[in-house]
Every structure is written in structure tokens, then in C-alpha cells.
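Q: Below you'll find the structure I mean.
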Amino acid sequence: MSKPNYPLKLAASIALLCCFTANAASVAPVAAEHGMVVSAQHLASKIGVEVLKKGGNAVDAAVAVGYALAVVYPAAGNLGGGGFMTLQLADGRKTFLDFREKAPLAATADMYLDQDGKVIKGLSTNGYLAVGVPGTVAGMEAARAKYGSRGRAALIAPAIALAERGFVLETGDVDMLLTATADFRKDAPSGAIFLNKGEPFKTGEKLVQKDLAKTLRLISKLGADGFYKGSVGRAIVNASVAGKGIITQADLDQYTVRELAPVECDYRGYHVVSAPPPSSGGVVICEILNIVEGYPLKELGFRSAQAVHYQIEAMRHAYLDRNSYLGDPDYVKNPLERLLDKAYAEKIRAAINPSKAGVSKDMKPGVEPHEGSNTTHYSIVDHWGNAVSVTYTLNGWFGAKVTAAKTGVLLNNEMDDFTAKVGVPNMYGLVQGQTNSIAPGKRPLSSMSPTIVSKDGKPVMVLGTPGGSRIITAVTHAILNVIDYGMNVQEAVDAPRFHQQWLPDLTNVDVFGVSPDTRKLLIDMGHNLGAPQPANHLAAILVGAPSLGGKPHGNNQFYGANDPRRNTGLALGY
Ligand code: DON
């Protein structure tokens with residue numbers, strides 16, 4: 001074996017750093033020739049890249065990463081939650097898989113209200129009554145069967161090995177577990193897994209999940225039936241009954257994945273493909289982009305008061321529509337044509353005062369221009385040009401903070417995404433309406449926005465993030481950062497953000513988000529500026545060059561950016 005040539009390697013990496021155009025204070029994006037995976041946990045990213053290296057396509061890698069995250073990223077990676085997958089295939093087909101949780105058949109519109117009609121705190125967020133019927137396993141299996149090229153067992157095997165043999169916890173993994181120590185102490189099956197003999201795990205210790213390995217083996221053998229039926233299905237129902245939940249075997253039996261047409265729109269010569277209802281993501285991203293397209297953002301300059309003003313106003317109007325008009329398409333008619341119309345964006349621009357902030361409480365559904373009529377991400381691209389964007393979740397970190405005994409499966413609290421009561425804010429402060437009320441079998445409105453941006457039919461950007469209602473604005477910022485402001489993918493991910501969601505009438509601004517004098521100009525316009533919300537963390541890939549329309553570095557086609565706001569993730573290519 002020849003000795004590695006360290007001086008040569010060092011020279012190569014210096015050369016690599018020197019030639020990226022990095023204008024802001026960001027490290028260079030991770031570059032690779034054949035494919036790229038960006039996920040929130042480094043072991044999962046490595047598994048995805050191994051699948052690609054062995055000839056699997058981006059969907060195969062996405063499925064393997066999905067199962068791996070359920071083991072190594074238990075706060076959000078999951079079997080007991082749900083999510084969305086946006087796909088743009090090498091042959092040009094665009095599609096969307098909805099494996100969002102469903103309300104149990106016994107769910108009712110007022111299930112979280114007391115006798116006086118008041119929302120009972122905690123009921124939709126903690127414990128078994130907060131749990132929606134999980135969709136992740138059905139979703140992963142549907143994606144693999146229709147769009148993957150590899151056998152189920154090969155894609156689940158790495159997850160089984162990590163669960164069975166355990167993995168060494170790094171500081172980021174421990175940080176995440178520490179956020180829920182008190183909750184793990186309250187739920188014995190969770191405590192048995194996520195606490196080390198009743199105490200928090202420490203960096204360097206191993207997390208072993210034998211029950212989860214058993215569950216994964218059953219899925220590997222039987223497919224979705226290994227989760228929804230037999231011993232695992234029974235254990236979920238039994239745990240639910242014991243925990244005063246309402247999930248029955250009939251709920252598990254009737255769970256189905258929906259394949260839907262994604263929401264699409266054009267923005268300054270680029271084509272955006274994103275999540276349709278039951279996500280509000282694609283609609284709201286496109287509505288914001290349509291509105292700001294009419295303003296010269298580039299000329300106004302990055303984070304000038306005027307540009308920020310227009311973006312805040314666009315967000316305010318688009319979230320009003322989100323919270324008033326959108327819901328599960330099987331239950332409500334979503335006015336997509338109207339909301340996605342460029343002429344509607346023009347009407348909204350006409351209602352935006354260039355020098356004065358809108359007042360959210362004075363803006364209502366049914367009032368012009370909002371006529372009556374009726375919310376962990378990973379990104380993968382392979383060398384064939386298949387692009388896969390997946391956001392899936394337990395909703396809150398560690399979901400409802402309950403694990404069905406003997407399964408190792410943490411369960412979601414997705415029911416909190418519904419409108420528990422019209423006008424009462426949910427966990428993300430979203431004040432939502434009737435279209436998102438609870439009904440049996442209905443899916444709660446989501447903000448998850450797995451997105452693919454293309455140019456001339458070819459994907460140029462794949463991105464998404466967690467963060468509840470802030471997902472939509474974080475994805476929109478990243479798109480604006482690369483298209484309008486010419487940032488490379490890492491700069492676009494790193495840049496501070498701001499967020500406005502109609503109600504409350506407050507724009508949350510990241511530290512270093514705007515300069516003090518810009519802040520003053522915005523306040524003088526009437527804007528209410530608030531402290532940052534907990535950080536999103538984007539997973540983004542640019543295809544072709546580190547920045548849109550830029551030059552590739554050598555033969556590298558894929559440029560990955562992991563968001564430094566979370567210390568567990570990794571962008572990795574080969
Ligand atoms: O679907 C939604 O909009 C939320 N359940 C997403 C939750 C989320 O992003 C959690 N991350 N912080």
C-alpha cells in the first residue's frame with residue numbers, strides 16, 4: 001500500500017478553499033463529483049452516501065437515511081411520525097409523497113377543549129392523546145417500492161446495525177437528549193432507552209436500542225405490515241389505550257400514503273417545486289416569491305430596510321392565507337389557483353404600503369385583497385440527476401415524549417398542528433382557522449416544505465429544514481439568498497434570517513439579522529421587531545456550481561451545506 005501524500009493533499013485542500021467564491025463569513029460548501037447527502041446526523045449522511053456509492057439511486061439513499069435517522073436522531077428522525085418527500089426524477093417527472101400522520105378515527109373537533117370550551121394545555125402536545133396515526137414506515141416503503149431500485153433489507157440493514165450494536169454519542173447527540181431528560185423520566189419505556197440507568201447519557205457513551213432493532217427487523221422482513229400489524233401494531237394500540245389515547249388497530253389498518261402533484265411556481269427564471277396541502281409550505285413559499293418578484297430585491301440590497309420591509313409584508317399576507325384557507329385536500333377545497341396566481345400577488349403588492357408596516361389585526365380573511373372562498377429535513381442528489389427532498393417529523397422534539405413499550409418507537413404529537421380552537425395559537429404560535437379543524441382521518445396542516453428548484457428542467461437546488469411555522473420563511477430566505485443575492489449554498493444557509501407569520505404581529509429577527517440603523521428604519525415604518533425564535537437548520541444542495549450560475553470547482557457537480565445551527569449534521573458526497 002502506498003503512503004498517503006500529506007503535503008500534496010494539504011496543497012489540494014488549500015487550492016480548493018482559495019477558489020470558491022465565498023463573500024460572507026462561511027466555510028466553503030462540501031463539494032463532490034458523484035452525489036451528495038445532507039442530513040441532520042453524520043452517521044445517517046454516511047449511510048446515504050454508502051447507498052449511492054453502491055449504485056443505489058437518491059430514493060434508495062433517502063429511504064436508508066430515513067430509517068437511520070429513526071435510530072441516530074431520535075428527536076425528529078422516526079418510525080412513529082410522518083412527513084413528506086418531494087421528488088424530481090432524472091427523466092423530468094415531479095411528484096410528492098404525503099406520509100403525514102392522520103387524526104385517529106375517534107378524533108373530534110373539540111377533543112382538546114374543556115367543558116367551558118377552553119383549550120386544555122398540554123393535551124395536544126404531550127402523551128397519547130397528542131398522537132396522530134404514524135405514516136413514516138408506509139411512506140418509506142411506498143417510496144422504495146415505486147421509485148427505489150434496491151431491496152428493502154439492504155436499505156434497513158444499516159439502521160438495524162446501529163440500533164442493535166448502538167452508536168457512540170457525540171456532544172450534539174447528547175445536547176439533543178438533554179432537552180428531554182425530565183420527559184424521559186415521566187415515561188418509563190422512553191426512560192429505559194434514552195436515559196442511562198435513569199441518568200442522562202454523556203458524550204462518548206453508547207446508545208443501544210434493542211427493541212427498535214427488533215421493530216426494524218420486522219419491517220425489513222414484512223414491509224409496512226411489520227409496523228402496522230402484528231406485535232408492533234398491537235403494542236402501539238395497547239400503549240395508546242393504557243395512556244388514555246384513542247388509536248386503534250383500525251386506525252393503523254386504514255393508514256395510506258398519498259401521491260400528490262407538488263405545488264409549482266416560477267421565480268425570476270427558476271422553477272420551484274414544493275409541498276402541496278396538507279402542507280402549506282409550497283403554497284406559502286410560492287405566494288411570498290410571487291409577491292417579492294415585483295420588487296427589485298437585488299438592487300435594493302441584501303438586508304436594506306426597504307428590501308426587508310417588502311419581505312416581511314409578503315410573509316404577513318401569505319401567512320394570513322395559510323392560516324385561513326388551507327387544510328387537508330380530502331376535507332377542504334384549497335384555493336390554490338387563486339393563491340398562486342401572479343395577478344393575486346400583484347393585488348397584494350398594491351395593498352402593501354412601501355413605507356409603512358401592515359397591521360396584522362386589521363388584515364383578515366375575506367377582506368381585500370384576501371377575498372372570501374374559502375406548515376428533520378434531508379436532501380439527496382445522485383449522479384443520474386434524481387433529486388429527493390425529505391422533511392419528516394415527530395412534531396415537537398421527541399414528539400409526544402412517549403414510547404410504545406417493547407417497540408422502541410417514539411410517537412409523534414402531530415395533533416397539535418390542527419386548530420384545537422379557532423383563534424387560539426398552537427405550539428408554533430400559529431393562529432389557525434376552521435379549514436384546519438380536527439376530523440377523523442384528516443391530516444393536520446403542515447409547514448414542512450421539502451423543495452427542489454430547477455432551471456431549464458434540471459434541479460439546481462434541493463433544500464428544506466425543520467422549525468415548525470418558520471420552515472417556510474427559512475426555505476424562502478435560502479432561495480432568495482442564492483437567486484437574488486448570489487450567495488453560495490453555504491452562505492445562503494448560514495445567513496441570519498427573519499420571520500413573520502401574520503399573527504402575532506411581530507417579526508422575529510436573528511442576532512446579526514439587520515444592522516442597528518436598519519432596525520431603526522424598520523421600527524420607524526411601524527414594524528414590531530422581536531427576538532429570534534429557536535434556530536431552524538437547513539440541509540441544502542446546489543447542483544452544478546457552489547452558487548447559481550457560478551463555475552464548478554474541477555469535476556465537482558454537487559455542493560452541500562449543512563446548517564451550523566445544529567451540531568450533529570453533515571454534508572457528505574463522493
Ligand atoms: O408539520 C409541521 O409544520 C410541524 N409539525 C413541523 C415540526 C417541526 O418542524 C419541528 N421542528 N422544530
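Residue names in the C-alpha cells use chain letters A, B, ... in the order shown, residue numbers from 1 in each chain, and ligand numbers from 1 in the order shown.
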Leaving out region 151-167 of chain A and any residue of its chain fewer than 4 positions from it, which residues lie within 9 Å of it when counting only C-alpha atoms, given as number ranges by chain?
A: A: 43-44, 47, 51, 60-61, 63-65, 67-72, 141, 144-145, 205-217, 219-221, 223
Q: Restricting it to N, CA and C atoms, dump the selection as a tab-separated table (two decimals), in the first residue's frame.
A:
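Saved file part-v4.tsv follows:
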```tsv
chain	number	residue	atom	x	y	z
A	43	LEU	N	-23.91	10.14	11.00
A	43	LEU	CA	-23.93	8.69	10.69
A	43	LEU	C	-24.96	8.39	9.61
A	44	ALA	N	-26.08	9.11	9.67
A	44	ALA	CA	-27.13	8.91	8.65
A	44	ALA	C	-26.63	9.40	7.29
A	47	ILE	N	-24.44	6.78	5.79
A	47	ILE	CA	-25.21	5.63	5.28
A	47	ILE	C	-25.79	5.97	3.91
A	51	VAL	N	-25.02	4.06	0.21
A	51	VAL	CA	-26.04	3.53	-0.71
A	51	VAL	C	-25.77	4.05	-2.13
A	60	ASP	N	-33.36	5.43	-2.98
A	60	ASP	CA	-32.82	4.37	-2.11
A	60	ASP	C	-32.07	5.00	-0.94
A	61	ALA	N	-31.25	6.00	-1.25
A	61	ALA	CA	-30.46	6.66	-0.19
A	61	ALA	C	-31.39	7.35	0.80
A	63	VAL	N	-34.43	6.55	1.62
A	63	VAL	CA	-35.09	5.55	2.47
A	63	VAL	C	-34.11	5.05	3.55
A	64	ALA	N	-32.87	4.76	3.14
A	64	ALA	CA	-31.87	4.30	4.11
A	64	ALA	C	-31.60	5.38	5.15
A	65	VAL	N	-31.54	6.65	4.72
A	65	VAL	CA	-31.30	7.76	5.65
A	65	VAL	C	-32.50	7.91	6.58
A	67	TYR	N	-34.61	5.59	7.66
A	67	TYR	CA	-34.57	4.56	8.72
A	67	TYR	C	-33.41	4.83	9.68
A	68	ALA	N	-32.27	5.27	9.16
A	68	ALA	CA	-31.09	5.51	10.02
A	68	ALA	C	-31.36	6.65	11.00
A	69	LEU	N	-32.00	7.72	10.52
A	69	LEU	CA	-32.27	8.86	11.42
A	69	LEU	C	-33.22	8.45	12.56
A	70	ALA	N	-34.10	7.48	12.27
A	70	ALA	CA	-35.01	7.00	13.32
A	70	ALA	C	-34.21	6.42	14.49
A	71	VAL	N	-32.97	5.99	14.21
A	71	VAL	CA	-32.11	5.40	15.25
A	71	VAL	C	-31.17	6.46	15.83
A	72	VAL	N	-30.50	7.22	14.95
A	72	VAL	CA	-29.41	8.09	15.43
A	72	VAL	C	-29.84	9.53	15.69
A	141	GLU	N	-41.70	2.85	2.63
A	141	GLU	CA	-41.92	1.65	1.80
A	141	GLU	C	-42.53	1.99	0.45
A	144	ARG	N	-39.74	3.51	-1.72
A	144	ARG	CA	-38.79	2.48	-2.16
A	144	ARG	C	-39.40	1.59	-3.25
A	145	ALA	N	-40.65	1.16	-3.01
A	145	ALA	CA	-41.27	0.23	-3.95
A	145	ALA	C	-41.47	0.90	-5.33
A	205	GLU	N	-20.60	7.88	25.50
A	205	GLU	CA	-21.32	6.65	25.87
A	205	GLU	C	-22.11	6.16	24.66
A	206	LYS	N	-22.57	4.90	24.76
A	206	LYS	CA	-23.26	4.28	23.61
A	206	LYS	C	-24.75	4.23	23.83
A	207	LEU	N	-25.52	4.60	22.80
A	207	LEU	CA	-26.97	4.42	22.86
A	207	LEU	C	-27.32	3.16	22.10
A	208	VAL	N	-27.82	2.15	22.83
A	208	VAL	CA	-28.23	0.88	22.22
A	208	VAL	C	-29.75	0.81	22.27
A	209	GLN	N	-30.41	0.42	21.15
A	209	GLN	CA	-31.88	0.39	21.11
A	209	GLN	C	-32.36	-0.98	20.60
A	210	LYS	N	-32.30	-1.99	21.48
A	210	LYS	CA	-32.61	-3.38	21.08
A	210	LYS	C	-34.05	-3.55	20.58
A	211	ASP	N	-35.01	-2.91	21.27
A	211	ASP	CA	-36.41	-3.06	20.84
A	211	ASP	C	-36.62	-2.45	19.46
A	212	LEU	N	-36.00	-1.29	19.25
A	212	LEU	CA	-36.11	-0.64	17.95
A	212	LEU	C	-35.49	-1.52	16.86
A	213	ALA	N	-34.39	-2.18	17.20
A	213	ALA	CA	-33.75	-3.09	16.23
A	213	ALA	C	-34.73	-4.21	15.87
A	214	LYS	N	-35.48	-4.70	16.87
A	214	LYS	CA	-36.46	-5.78	16.62
A	214	LYS	C	-37.55	-5.28	15.68
A	215	THR	N	-38.04	-4.07	15.97
A	215	THR	CA	-39.09	-3.48	15.13
A	215	THR	C	-38.57	-3.30	13.70
A	216	LEU	N	-37.37	-2.79	13.56
A	216	LEU	CA	-36.79	-2.59	12.22
A	216	LEU	C	-36.61	-3.92	11.49
A	217	ARG	N	-36.25	-4.98	12.24
A	217	ARG	CA	-36.10	-6.30	11.61
A	217	ARG	C	-37.44	-6.79	11.07
A	219	ILE	N	-39.92	-4.89	10.06
A	219	ILE	CA	-40.21	-4.09	8.86
A	219	ILE	C	-39.38	-4.63	7.70
A	220	SER	N	-38.13	-4.94	7.97
A	220	SER	CA	-37.25	-5.46	6.93
A	220	SER	C	-37.83	-6.74	6.33
A	221	LYS	N	-38.42	-7.57	7.21
A	221	LYS	CA	-38.95	-8.86	6.76
A	221	LYS	C	-40.32	-8.71	6.09
A	223	GLY	N	-42.18	-5.63	5.49
A	223	GLY	CA	-42.57	-4.34	4.93
A	223	GLY	C	-43.40	-3.57	5.95
```
Q: Near Val388 (chain A), within 12 Å and counting only C-alpha atoms, which residues show up once chain neighbours fewer than 4 positions away are dropped, as JSON, numbers by chain?
A: {"A": [35, 36, 37, 38, 48, 57, 58, 59, 60, 61, 62, 63, 65, 66, 84, 85, 86, 87, 88, 89, 90, 93, 94, 95, 96, 97, 143, 147, 148, 273, 274, 377, 378, 379, 380, 381, 382, 450, 451, 452, 453, 459, 461, 462, 463, 464, 539, 540, 541]}
Q: For ligand 1, return the neighbouring residues as number ranges by chain (distance at most 10 Å; only C-alpha atoms and all ligand atoms).
A: A: 75-76, 81-84, 100-101, 278-281, 375-377, 391-399, 412-418, 427-428, 443-449, 465-472, 534-537
Q: Could you list, as a list in words, every residue within 9 Å of region 545-550 of chain A, counting only C-alpha atoms and ignoring same-chain residues fewer than 5 positions away?
A: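 Once the adjacent positions are removed, what remains is Phe20, Thr21, Ala28, Pro29, Val30, Ala31, Val460, Met461, Val482, Ile483, Gly486, Met487, Asn488, Val489, Gln490, Asn556, Gln557, Phe558, Tyr559 and Gly560 of chain A.
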Q: Using the selection just defined, write its residues with C-alpha atoms as a PDB file, in the first residue's frame.
A:
```pdb
ATOM      1  CA  PHE A  20     -14.648  29.066  -4.002  1.00  0.00           C
ATOM      2  CA  THR A  21     -16.401  32.381  -4.190  1.00  0.00           C
ATOM      3  CA  ALA A  28     -16.786  26.541   1.591  1.00  0.00           C
ATOM      4  CA  PRO A  29     -19.642  24.175   0.757  1.00  0.00           C
ATOM      5  CA  VAL A  30     -18.778  20.468   0.723  1.00  0.00           C
ATOM      6  CA  ALA A  31     -18.053  19.547  -2.904  1.00  0.00           C
ATOM      7  CA  VAL A 460     -30.192  23.214  -9.291  1.00  0.00           C
ATOM      8  CA  MET A 461     -31.105  23.338  -5.613  1.00  0.00           C
ATOM      9  CA  VAL A 482     -28.998  32.208  -3.943  1.00  0.00           C
ATOM     10  CA  ILE A 483     -31.207  33.697  -6.668  1.00  0.00           C
ATOM     11  CA  GLY A 486     -25.803  35.415  -5.488  1.00  0.00           C
ATOM     12  CA  MET A 487     -24.706  33.645  -2.326  1.00  0.00           C
ATOM     13  CA  ASN A 488     -23.112  30.212  -2.495  1.00  0.00           C
ATOM     14  CA  VAL A 489     -25.104  27.427  -0.879  1.00  0.00           C
ATOM     15  CA  GLN A 490     -23.282  27.557   2.484  1.00  0.00           C
ATOM     16  CA  ASN A 556     -17.420  18.570  -8.730  1.00  0.00           C
ATOM     17  CA  GLN A 557     -21.103  18.823  -9.583  1.00  0.00           C
ATOM     18  CA  PHE A 558     -22.620  18.722  -6.085  1.00  0.00           C
ATOM     19  CA  TYR A 559     -22.211  21.309  -3.339  1.00  0.00           C
ATOM     20  CA  GLY A 560     -23.690  20.526   0.078  1.00  0.00           C
TER      21      GLY A 560
END
```
Q: Quick one: pick out all strand (DSSP E or B) residues within region 150-266 of chain A from a backbone DSSP run and write them as a PyMOL selection string.
A: chain A and resi 167-168+196+199+206-207+258-260+263-266
Q: What would the file look like if the residues just selected were written as a PDB file, in the first residue's frame with C-alpha atoms?
A:
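In the end it all went to out_24.pdb:
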```pdb
ATOM      1  CA  PHE A 167     -23.610   4.128  18.393  1.00  0.00           C
ATOM      2  CA  VAL A 168     -21.288   6.408  20.301  1.00  0.00           C
ATOM      3  CA  ASN A 196     -28.574   5.590  31.130  1.00  0.00           C
ATOM      4  CA  GLU A 199     -29.410   9.401  34.348  1.00  0.00           C
ATOM      5  CA  LYS A 206     -23.256   4.278  23.611  1.00  0.00           C
ATOM      6  CA  LEU A 207     -26.966   4.425  22.864  1.00  0.00           C
ATOM      7  CA  ARG A 258     -50.999   9.707  -0.871  1.00  0.00           C
ATOM      8  CA  GLU A 259     -49.113  10.566  -4.024  1.00  0.00           C
ATOM      9  CA  LEU A 260     -49.941  14.161  -4.933  1.00  0.00           C
ATOM     10  CA  VAL A 263     -47.029  22.862  -5.914  1.00  0.00           C
ATOM     11  CA  GLU A 264     -45.022  24.589  -8.632  1.00  0.00           C
ATOM     12  CA  CYS A 265     -44.195  28.199  -9.444  1.00  0.00           C
ATOM     13  CA  ASP A 266     -41.692  30.262 -11.378  1.00  0.00           C
TER      14      ASP A 266
END
```
Q: Can you tell me how far CA of Gly301 (chain A) sits from CA of Asp524 (chain A), in Å to one decimal?
A: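 A separation of 19.2 Å between them.
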Q: Check region 247-449 of chain A with DSSP on the backbone and list each residue it calls helix (DSSP H, G or I), as a count of residues only.
A: 66
Q: So which residues touch region 438-442 of chain A within 7 Å, counting only C-alpha atoms, skipping near sequence neighbours fewer than 6 positions away, as a short mmCIF file (atom, residue, chain, number, x, y, z; two decimals) with all heavy atoms, in the first residue's frame?
A:
```
data_model
loop_
_atom_site.label_atom_id
_atom_site.label_comp_id
_atom_site.auth_asym_id
_atom_site.auth_seq_id
_atom_site.Cartn_x
_atom_site.Cartn_y
_atom_site.Cartn_z
N LYS A 102 -52.31 10.96 10.40
CA LYS A 102 -53.75 11.23 10.29
C LYS A 102 -54.38 11.26 11.68
O LYS A 102 -53.93 10.54 12.58
CB LYS A 102 -54.43 10.13 9.47
CG LYS A 102 -53.97 10.08 8.03
CD LYS A 102 -54.54 8.90 7.30
CE LYS A 102 -55.99 9.15 6.93
NZ LYS A 102 -56.44 8.16 5.91
N ALA A 103 -55.43 12.07 11.80
CA ALA A 103 -56.18 12.06 13.07
C ALA A 103 -56.81 10.68 13.24
O ALA A 103 -57.35 10.11 12.28
CB ALA A 103 -57.26 13.13 13.04
N PRO A 104 -56.78 10.11 14.43
CA PRO A 104 -57.43 8.81 14.65
C PRO A 104 -58.93 8.90 14.34
O PRO A 104 -59.52 9.98 14.39
CB PRO A 104 -57.20 8.54 16.14
CG PRO A 104 -56.05 9.41 16.54
CD PRO A 104 -56.10 10.60 15.64
N LEU A 105 -59.54 7.75 14.05
CA LEU A 105 -60.96 7.72 13.66
C LEU A 105 -61.86 8.24 14.77
O LEU A 105 -62.95 8.75 14.50
CB LEU A 105 -61.36 6.30 13.26
CG LEU A 105 -60.64 5.81 11.99
CD1 LEU A 105 -60.77 4.30 11.82
CD2 LEU A 105 -61.16 6.55 10.75
N ALA A 106 -61.42 8.13 16.02
CA ALA A 106 -62.25 8.61 17.14
C ALA A 106 -61.98 10.08 17.48
O ALA A 106 -62.51 10.59 18.47
CB ALA A 106 -62.00 7.74 18.37
N ALA A 107 -61.17 10.76 16.66
CA ALA A 107 -60.85 12.17 16.96
C ALA A 107 -62.06 13.06 16.72
O ALA A 107 -62.88 12.78 15.84
CB ALA A 107 -59.70 12.64 16.08
N THR A 108 -62.20 14.13 17.49
CA THR A 108 -63.29 15.07 17.31
C THR A 108 -62.74 16.50 17.32
O THR A 108 -61.67 16.76 17.88
CB THR A 108 -64.34 14.96 18.44
OG1 THR A 108 -63.68 15.18 19.68
CG2 THR A 108 -65.02 13.60 18.45
N ALA A 109 -63.53 17.41 16.73
CA ALA A 109 -63.07 18.80 16.59
C ALA A 109 -62.77 19.44 17.94
O ALA A 109 -61.91 20.31 18.03
CB ALA A 109 -64.13 19.60 15.83
N ASP A 328 -56.28 19.90 4.82
CA ASP A 328 -56.18 18.61 4.12
C ASP A 328 -57.08 18.63 2.90
O ASP A 328 -58.30 18.85 3.02
CB ASP A 328 -56.61 17.50 5.10
CG ASP A 328 -56.44 16.11 4.50
OD1 ASP A 328 -56.47 15.97 3.26
OD2 ASP A 328 -56.30 15.15 5.28
N PHE A 418 -53.15 20.75 14.27
CA PHE A 418 -54.54 21.09 13.96
C PHE A 418 -54.94 22.37 14.70
O PHE A 418 -54.26 22.80 15.64
CB PHE A 418 -55.49 19.98 14.45
CG PHE A 418 -55.65 18.82 13.50
CD1 PHE A 418 -55.29 17.54 13.89
CD2 PHE A 418 -56.21 19.01 12.24
CE1 PHE A 418 -55.47 16.46 13.04
CE2 PHE A 418 -56.39 17.94 11.37
CZ PHE A 418 -56.02 16.66 11.77
N THR A 419 -56.08 22.94 14.30
CA THR A 419 -56.67 24.04 15.05
C THR A 419 -57.43 23.43 16.23
O THR A 419 -58.50 22.85 16.03
CB THR A 419 -57.68 24.81 14.16
OG1 THR A 419 -57.03 25.17 12.95
CG2 THR A 419 -58.23 26.06 14.85
#
```
Q: Please provide the set of residues having any atom within 7 Å of Asn126 (chain A), restricted to only C-alpha atoms, with same-chain residues fewer than 2 positions apart removed, written as JSON, numbers by chain.
A: {"A": [122, 123, 124, 128, 130, 400, 401, 413]}
Q: Please dump the current selection as a JSON list (two decimals), in the first residue's frame; keep N, CA and C atoms.
A:
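Output (out-v9.json):
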```
[["chain", "number", "residue", "atom", "x", "y", "z"],
["A", 122, "GLY", "N", -51.45, 21.27, 27.04],
["A", 122, "GLY", "CA", -50.63, 20.06, 27.07],
["A", 122, "GLY", "C", -51.28, 18.83, 26.45],
["A", 123, "LEU", "N", -52.61, 18.88, 26.28],
["A", 123, "LEU", "CA", -53.30, 17.68, 25.80],
["A", 123, "LEU", "C", -52.95, 17.34, 24.34],
["A", 124, "SER", "N", -52.73, 18.37, 23.55],
["A", 124, "SER", "CA", -52.40, 18.12, 22.13],
["A", 124, "SER", "C", -50.89, 18.03, 21.91],
["A", 128, "TYR", "N", -50.42, 10.29, 24.95],
["A", 128, "TYR", "CA", -51.01, 9.54, 23.84],
["A", 128, "TYR", "C", -52.16, 10.24, 23.11],
["A", 130, "ALA", "N", -52.12, 13.12, 22.07],
["A", 130, "ALA", "CA", -51.49, 14.04, 21.10],
["A", 130, "ALA", "C", -51.03, 13.32, 19.84],
["A", 400, "ALA", "N", -44.56, 13.25, 21.23],
["A", 400, "ALA", "CA", -45.44, 13.29, 22.41],
["A", 400, "ALA", "C", -44.69, 12.83, 23.65],
["A", 401, "LYS", "N", -43.37, 12.50, 23.47],
["A", 401, "LYS", "CA", -42.50, 12.07, 24.58],
["A", 401, "LYS", "C", -42.98, 10.78, 25.22],
["A", 413, "ASN", "N", -46.45, 14.05, 18.26],
["A", 413, "ASN", "CA", -47.55, 14.88, 18.78],
["A", 413, "ASN", "C", -48.07, 15.80, 17.68]]
```
Q: Which is closest to Leu169 (chain A) among A:Thr568, A:Phe498, A:Thr476, A:Lys458, if we use only C-alpha atoms?
A: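 Under the stated criterion, the closest residue is A:Thr568.
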Q: Could you state the separation of CA of Ser190 (chain A) and CA of Val409 (chain A) in Å, given to one decimal place?
A: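 CA of Ser190 (chain A) sits 8.9 Å away from CA of Val409 (chain A).
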Q: Quote the spacing between CA of Glu346 (chain A) and CA of His527 (chain A) in Å to one decimal place.
A: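 CA of Glu346 (chain A) sits 22.0 Å away from CA of His527 (chain A).
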Q: Smallest atom-to-atom distance to Val424 (chain A): which of A:Pro335, A:Tyr112, A:Gly132, A:Gln311, using only C-alpha atoms?
A: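 Using only C-alpha atoms, the shortest distance to Val424 (chain A) belongs to A:Tyr112.
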Q: When you count only C-alpha atoms, which of these residues is closest to Glu170 (chain A): A:Gly77, A:Leu339, A:Asn567, A:Gly530?
A: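 Checking each of A:Gly77, A:Leu339, A:Asn567, A:Gly530 against Glu170 (chain A), counting only C-alpha atoms, the winner is A:Asn567.
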Q: Point out the residue among A:Lys356, A:His499, A:His271, A:Lys342 with the least atom-to-atom distance to Ile312 (chain A), counting only C-alpha atoms.
A: A:His499
Q: Write out as a ChimeraX atom specification which residues come within 8 Å of Val257 (chain A) when counting only C-alpha atoms, dropping same-chain ones fewer than 4 positions away.
A: /A:97-100,135,138-139,142
Q: Between A:Gly366, A:Leu411, A:Gly198, A:Val390, single out the one closest to Asn78 (chain A), counting only C-alpha atoms.
A: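 Checking each candidate against Asn78 (chain A), we get A:Leu411 as the closest.
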